[in-house]
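Shown next: input_34.tsv, containing TSV, C-alpha atoms and all ligand atoms.
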```
chain	number	residue	atom	x	y	z
W	1	MET	CA	-24.23	-3.73	17.14
W	2	GLU	CA	-20.47	-4.13	17.14
W	3	HIS	CA	-17.84	-1.90	18.73
W	4	ALA	CA	-16.12	0.80	16.68
W	5	ILE	CA	-12.97	-0.17	14.80
W	6	ASP	CA	-10.16	1.86	13.32
W	7	ALA	CA	-9.84	1.62	9.53
W	8	VAL	CA	-8.54	3.24	6.36
W	9	VAL	CA	-10.76	3.23	3.29
W	10	VAL	CA	-8.72	1.52	0.57
W	11	GLY	CA	-11.32	1.08	-2.16
W	12	ALA	CA	-14.99	0.95	-3.05
W	13	PHE	CA	-17.29	-0.20	-5.80
W	14	ASP	CA	-20.99	0.07	-6.61
W	15	LEU	CA	-23.40	-2.60	-5.53
W	16	GLY	CA	-26.82	-2.64	-7.13
W	17	GLU	CA	-28.73	0.59	-7.56
W	18	ALA	CA	-28.06	2.36	-4.31
W	19	ASP	CA	-25.26	0.72	-2.33
W	20	ARG	CA	-21.48	0.69	-2.26
W	21	VAL	CA	-19.10	-2.00	-1.08
W	22	VAL	CA	-16.31	-0.32	0.86
W	23	ARG	CA	-12.94	-2.01	1.32
W	24	LEU	CA	-11.13	-1.24	4.55
W	25	LEU	CA	-7.70	-1.95	5.99
W	26	THR	CA	-7.92	-2.48	9.74
W	27	PRO	CA	-5.27	-3.27	12.37
W	28	GLN	CA	-7.14	-6.15	14.00
W	29	GLU	CA	-8.85	-7.83	11.07
W	30	GLY	CA	-6.67	-6.95	8.09
W	31	ARG	CA	-8.68	-6.49	4.91
W	32	VAL	CA	-12.42	-6.16	5.46
W	33	SER	CA	-15.34	-5.33	3.15
W	34	VAL	CA	-18.57	-3.75	4.33
W	35	VAL	CA	-21.73	-2.69	2.56
W	36	ALA	CA	-22.62	0.99	2.77
W	37	ARG	CA	-26.37	0.89	2.25
W	38	ARG	CA	-27.83	3.80	0.26
W	39	ALA	CA	-24.35	5.36	-0.06
W	40	ARG	CA	-25.14	6.18	-3.70
W	41	SER	CA	-28.75	7.21	-3.41
W	42	SER	CA	-28.05	9.53	-0.48
W	43	ARG	CA	-24.68	11.25	-0.70
W	44	ARG	CA	-25.27	12.95	2.61
W	45	ARG	CA	-25.53	9.66	4.43
W	46	PHE	CA	-21.77	9.06	4.61
W	47	GLY	CA	-20.55	12.42	3.32
W	48	GLY	CA	-17.02	12.31	1.95
W	49	MET	CA	-15.97	9.73	4.51
W	50	LEU	CA	-15.79	6.85	2.08
W	51	GLU	CA	-13.11	8.39	-0.14
W	52	VAL	CA	-9.98	6.29	-0.60
W	53	GLY	CA	-7.29	7.25	1.91
W	54	THR	CA	-9.69	8.42	4.63
W	55	HIS	CA	-8.85	7.29	8.18
W	56	VAL	CA	-12.13	6.47	9.88
W	57	GLN	CA	-13.73	4.76	12.83
W	58	VAL	CA	-16.55	2.51	11.75
W	59	VAL	CA	-19.30	0.61	13.46
W	60	ARG	CA	-20.67	-2.39	11.62
W	61	ALA	CA	-23.95	-4.19	11.98
W	62	ARG	CA	-24.82	-7.77	11.07
W	63	SER	CA	-26.82	-8.23	7.91
W	64	ARG	CA	-28.49	-11.13	6.18
W	65	GLY	CA	-25.78	-11.16	3.55
W	66	ARG	CA	-22.21	-12.39	3.72
W	67	MET	CA	-20.81	-8.92	4.40
W	68	MET	CA	-21.64	-6.74	7.36
W	69	ASN	CA	-23.35	-3.39	6.93
W	70	LEU	CA	-21.68	-0.11	7.69
W	71	SER	CA	-23.83	1.57	10.30
W	72	GLU	CA	-21.72	4.51	11.49
W	73	VAL	CA	-18.61	6.30	10.24
W	74	ASP	CA	-16.51	8.92	11.97
W	75	ARG	CA	-13.71	10.65	10.17
W	76	ILE	CA	-10.39	10.78	12.03
W	77	ALA	CA	-8.30	12.22	9.19
W	78	GLY	CA	-8.86	12.55	5.49
W	79	PRO	CA	-6.75	13.34	2.48
W	80	ASP	CA	-6.62	17.10	2.14
W	81	VAL	CA	-3.31	18.31	0.66
W	82	ALA	CA	-3.01	14.84	-0.88
W	83	ARG	CA	-6.01	15.57	-3.09
W	84	THR	CA	-4.68	18.78	-4.54
W	85	GLU	CA	-1.97	17.31	-6.76
W	86	LEU	CA	-2.07	14.57	-9.36
W	87	GLU	CA	1.21	13.05	-8.12
W	88	ARG	CA	-0.05	12.88	-4.55
W	89	ILE	CA	-3.36	11.35	-5.62
W	90	ALA	CA	-1.44	8.67	-7.52
W	91	LEU	CA	0.82	7.99	-4.53
W	92	LEU	CA	-2.18	7.84	-2.21
W	93	SER	CA	-4.00	5.26	-4.35
W	94	TYR	CA	-0.83	3.25	-4.77
W	95	GLY	CA	-0.03	3.19	-1.04
W	96	CYS	CA	-3.58	2.11	-0.20
W	97	GLU	CA	-3.50	-0.63	-2.83
W	98	VAL	CA	-0.08	-2.02	-1.84
W	99	CYS	CA	-0.73	-2.08	1.92
W	100	ALA	CA	-4.20	-3.56	1.53
W	101	ALA	CA	-3.22	-6.13	-1.10
W	102	LEU	CA	-0.41	-7.47	1.07
W	103	ALA	CA	-2.61	-7.62	4.19
W	104	PRO	CA	-4.43	-10.83	5.11
W	105	GLU	CA	-8.20	-11.11	5.23
W	106	ALA	CA	-9.68	-11.61	8.68
W	107	ALA	CA	-6.30	-11.63	10.47
W	108	PRO	CA	-4.34	-8.83	12.19
W	109	ALA	CA	-2.31	-6.44	10.05
W	110	GLU	CA	-1.22	-3.93	12.68
W	111	LYS	CA	2.11	-3.02	11.08
W	112	LEU	CA	0.72	-2.65	7.55
W	113	PHE	CA	-2.06	-0.48	8.94
W	114	GLN	CA	0.39	1.76	10.82
W	115	LEU	CA	2.60	1.96	7.73
W	116	LEU	CA	-0.35	3.19	5.68
W	117	ILE	CA	-1.22	5.76	8.34
W	118	VAL	CA	2.34	7.13	8.21
W	119	TRP	CA	2.21	7.17	4.40
W	120	LEU	CA	-1.08	9.12	4.37
W	121	ASP	CA	0.40	11.52	6.89
W	122	LEU	CA	3.48	12.06	4.69
W	123	LEU	CA	1.22	12.86	1.76
W	124	GLU	CA	-0.19	15.75	3.77
W	125	GLY	CA	3.27	17.20	4.34
W	126	GLU	CA	4.90	20.16	2.68
W	127	ARG	CA	7.33	18.02	0.70
W	128	ARG	CA	5.80	15.43	-1.56
W	129	PRO	CA	7.12	11.89	-0.93
W	130	THR	CA	9.80	11.02	-3.48
W	131	VAL	CA	10.29	7.95	-5.65
W	132	ALA	CA	12.65	6.76	-2.88
W	133	SER	CA	9.76	7.13	-0.41
W	134	ARG	CA	7.51	5.01	-2.60
W	135	VAL	CA	10.20	2.31	-2.89
W	136	ALA	CA	10.73	2.41	0.89
W	137	LEU	CA	6.98	1.93	1.36
W	138	GLU	CA	7.08	-1.18	-0.86
W	139	ALA	CA	10.09	-2.59	1.00
W	140	LYS	CA	8.44	-2.09	4.39
W	141	ALA	CA	5.06	-3.39	3.25
W	142	LEU	CA	6.70	-6.58	1.94
W	143	THR	CA	8.62	-6.96	5.20
W	144	PHE	CA	5.51	-6.49	7.36
W	145	ALA	CA	3.66	-9.00	5.19
W	146	GLY	CA	6.36	-11.59	5.99
W	147	LEU	CA	7.88	-11.38	2.50
W	148	THR	CA	11.15	-9.60	3.33
W	149	PRO	CA	13.16	-9.49	0.10
W	150	ALA	CA	16.82	-10.60	0.26
W	151	LEU	CA	18.72	-7.44	-0.70
W	152	GLY	CA	21.98	-7.19	1.20
W	153	ARG	CA	22.90	-10.79	0.47
W	154	CYS	CA	22.55	-13.52	-2.13
W	155	ALA	CA	19.38	-15.50	-1.43
W	156	LEU	CA	21.13	-18.75	-2.39
W	157	CYS	CA	24.74	-18.63	-1.16
W	158	PRO	CA	26.77	-17.06	1.69
W	159	GLU	CA	29.31	-15.29	-0.59
W	160	PRO	CA	29.39	-11.46	-0.31
W	161	VAL	CA	27.35	-9.32	-2.69
W	162	GLU	CA	29.40	-8.44	-5.77
W	163	ASP	CA	28.51	-7.63	-9.37
W	164	PRO	CA	27.11	-9.02	-11.52
W	165	MET	CA	23.95	-9.43	-9.43
W	166	VAL	CA	20.35	-10.16	-10.42
W	167	PHE	CA	16.97	-9.84	-8.71
W	168	ASP	CA	14.78	-12.90	-9.02
W	169	VAL	CA	11.10	-12.54	-8.04
W	170	GLU	CA	10.78	-16.34	-7.85
W	171	VAL	CA	13.31	-16.71	-5.02
W	172	GLY	CA	12.35	-13.36	-3.51
W	173	GLY	CA	15.49	-11.34	-3.82
W	174	ALA	CA	19.05	-10.85	-4.93
W	175	LEU	CA	21.29	-13.51	-6.41
W	176	HIS	CA	24.75	-13.55	-7.89
W	177	ALA	CA	24.31	-13.86	-11.64
W	178	ARG	CA	26.25	-17.13	-11.33
W	179	CYS	CA	23.73	-18.44	-8.76
W	180	GLY	CA	20.59	-18.05	-10.86
W	181	GLY	CA	18.49	-16.00	-13.25
W	182	GLY	CA	16.52	-12.79	-12.89
W	183	ARG	CA	16.81	-9.17	-13.89
W	184	ALA	CA	20.24	-7.54	-13.82
W	185	THR	CA	20.42	-5.36	-10.70
W	186	PRO	CA	23.72	-3.74	-9.74
W	187	ALA	CA	25.02	-4.37	-6.21
W	188	ARG	CA	24.75	-0.65	-5.42
W	189	ALA	CA	21.05	-0.71	-6.41
W	190	LEU	CA	20.45	-3.63	-4.05
W	191	LEU	CA	22.22	-1.90	-1.18
W	192	GLU	CA	20.21	1.24	-1.88
W	193	LEU	CA	16.96	-0.76	-1.67
W	194	GLU	CA	18.07	-2.33	1.61
W	195	ALA	CA	18.95	1.11	3.03
W	196	LEU	CA	15.48	2.38	2.08
W	197	ARG	CA	13.87	-0.68	3.62
W	198	ARG	CA	15.50	0.21	6.95
W	199	MET	CA	15.07	3.99	6.80
W	200	PRO	CA	12.15	5.56	8.72
W	201	LEU	CA	9.54	6.46	6.11
W	202	ALA	CA	9.44	10.10	7.26
W	203	ASP	CA	13.17	10.45	6.49
W	204	THR	CA	12.77	9.34	2.87
W	205	VAL	CA	11.18	12.60	1.68
W	206	ALA	CA	14.66	14.17	1.87
W	207	GLN	CA	15.98	11.52	-0.59
W	208	ASP	CA	15.95	13.37	-3.89
W	209	GLU	CA	18.00	10.83	-5.76
W	210	ARG	CA	15.89	8.48	-7.85
W	211	PRO	CA	16.66	4.85	-6.97
W	212	VAL	CA	18.66	2.99	-9.64
W	213	THR	CA	15.96	0.31	-9.95
W	214	PRO	CA	12.70	2.06	-8.99
W	215	TRP	CA	10.33	-0.81	-9.90
W	216	ARG	CA	12.07	-4.00	-8.72
W	217	LEU	CA	10.17	-4.23	-5.45
W	218	SER	CA	6.90	-3.26	-7.08
W	219	ASP	CA	7.50	-6.10	-9.55
W	220	PHE	CA	8.07	-8.38	-6.58
W	221	VAL	CA	4.78	-7.24	-4.98
W	222	GLN	CA	2.96	-7.97	-8.25
W	223	HIS	CA	4.59	-11.37	-8.49
W	224	GLN	CA	3.47	-12.22	-4.95
W	225	LEU	CA	-0.07	-11.08	-5.70
W	226	GLY	CA	-0.16	-12.80	-9.07
W	227	ARG	CA	-1.61	-9.68	-10.69
W	228	ARG	CA	-0.84	-6.11	-11.73
W	229	LEU	CA	-1.28	-3.33	-9.21
W	230	GLN	CA	-4.09	-1.25	-10.72
W	231	SER	CA	-2.74	2.06	-9.46
W	232	ARG	CA	0.76	1.45	-10.81
W	233	SER	CA	0.21	2.36	-14.46
W	234	PHE	CA	-1.16	5.79	-13.47
W	235	LEU	CA	1.91	6.34	-11.30
W	236	GLU	CA	4.22	5.24	-14.14
W	237	THR	CA	2.44	7.57	-16.58
W	238	ILE	CA	3.21	10.59	-14.44
W	239	GLY	CA	6.80	9.51	-13.79
W	240	GLY	CA	6.41	8.27	-10.23
K	1	ZN	ZN	25.10	-16.44	-4.67
```

As structure tokens, please, write out the structure in this file.
Amino acid sequence: MEHAIDAVVVGAFDLGEADRVVRLLTPQEGRVSVVARRARSSRRRFGGMLEVGTHVQVVRARSRGRMMNLSEVDRIAGPDVARTELERIALLSYGCEVCAALAPEAAPAEKLFQLLIVWLDLLEGERRPTVASRVALEAKALTFAGLTPALGRCALCPEPVEDPMVFDVEVGGALHARCGGGRATPARALLELEALRRMPLADTVAQDERPVTPWRLSDFVQHQLGRRLQSRSFLETIGG
């Protein structure tokens, strides 16, 4: 038997007739998958503790397979208010996907884990996180994953930021249009993204103004992952 570890449930899928594979984000081991035996055949066994966005303590046990088995789960905090509104559900799924996708497997991800905890906490608050909050989450997640985007400067030259500017996912940030290609991104949009990157996440819920370029950093996340974020289209559909 192993010791208990802190984790957030970030996803799950069915395995065979009775089991579920549960994906976790943990501070010490980054992304981890465990098998929840009989999670489907007996709903009572793990209760609602395997819902995405639930902060849990888990104990794992060795198994014959490649993945460890989930032997015990304790709920520390679960989505409550966050499950009452479509927009919050979308933001919850998105935050879990972004933080987990940018985390390493089997290596520490303390800051990404803490970021997700703060995000889940915000989703329980009276004011729903804004589009600016979501963009700030992306900026911080990229930074904590070691992929800090160049925003307040040109990624290729020391000249000051001035229009026309572009954002190039290949070089990981802003460029003068004369320095390279990418999507047109006004200097004020870049400075806004940099301000959000530095702002405490809790302060962003007061930012009612929609960022000028609300999807640039999400595009950058997708480019780094080499795939679409599954939860993004739902968020886009509802105007997030
Ligand atoms: Zn330049």

Pick from W:Gly226, W:Gly182, W:Pro214, W:Pro158, whichever lies nearest to ligand ZN 1 (chain K) using all atoms listed in the file: W:Pro158

Select the residues contacting ligand ZN 1 (chain K) at a distance of at most 10 Å, based on all atoms listed in the file, then format the selection as a PyMOL selection string. chain W and resi 153-162+165-166+174-180

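With only C-alpha atoms as the atoms that count, the minimum distance from Thr84 (chain W) to the choices W:Ile238, W:Ala61, W:Leu201, W:Leu123 is reached by W:Leu123.
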
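Each of W:Met49, W:Ala39, W:Ala145, W:Ala150 was compared to Val9 (chain W) using all atoms listed in the file, and W:Met49 turns out to be the nearest.
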
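Of the listed residues W:Cys96, W:Ala141, W:Ile89, W:Ala82, the one whose atoms come nearest to Gly11 (chain W) is W:Cys96, with distances taken using only C-alpha atoms.
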
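Note that the spacing between CA of Gly48 (chain W) and CA of Ala77 (chain W) amounts to 11.3 Å.
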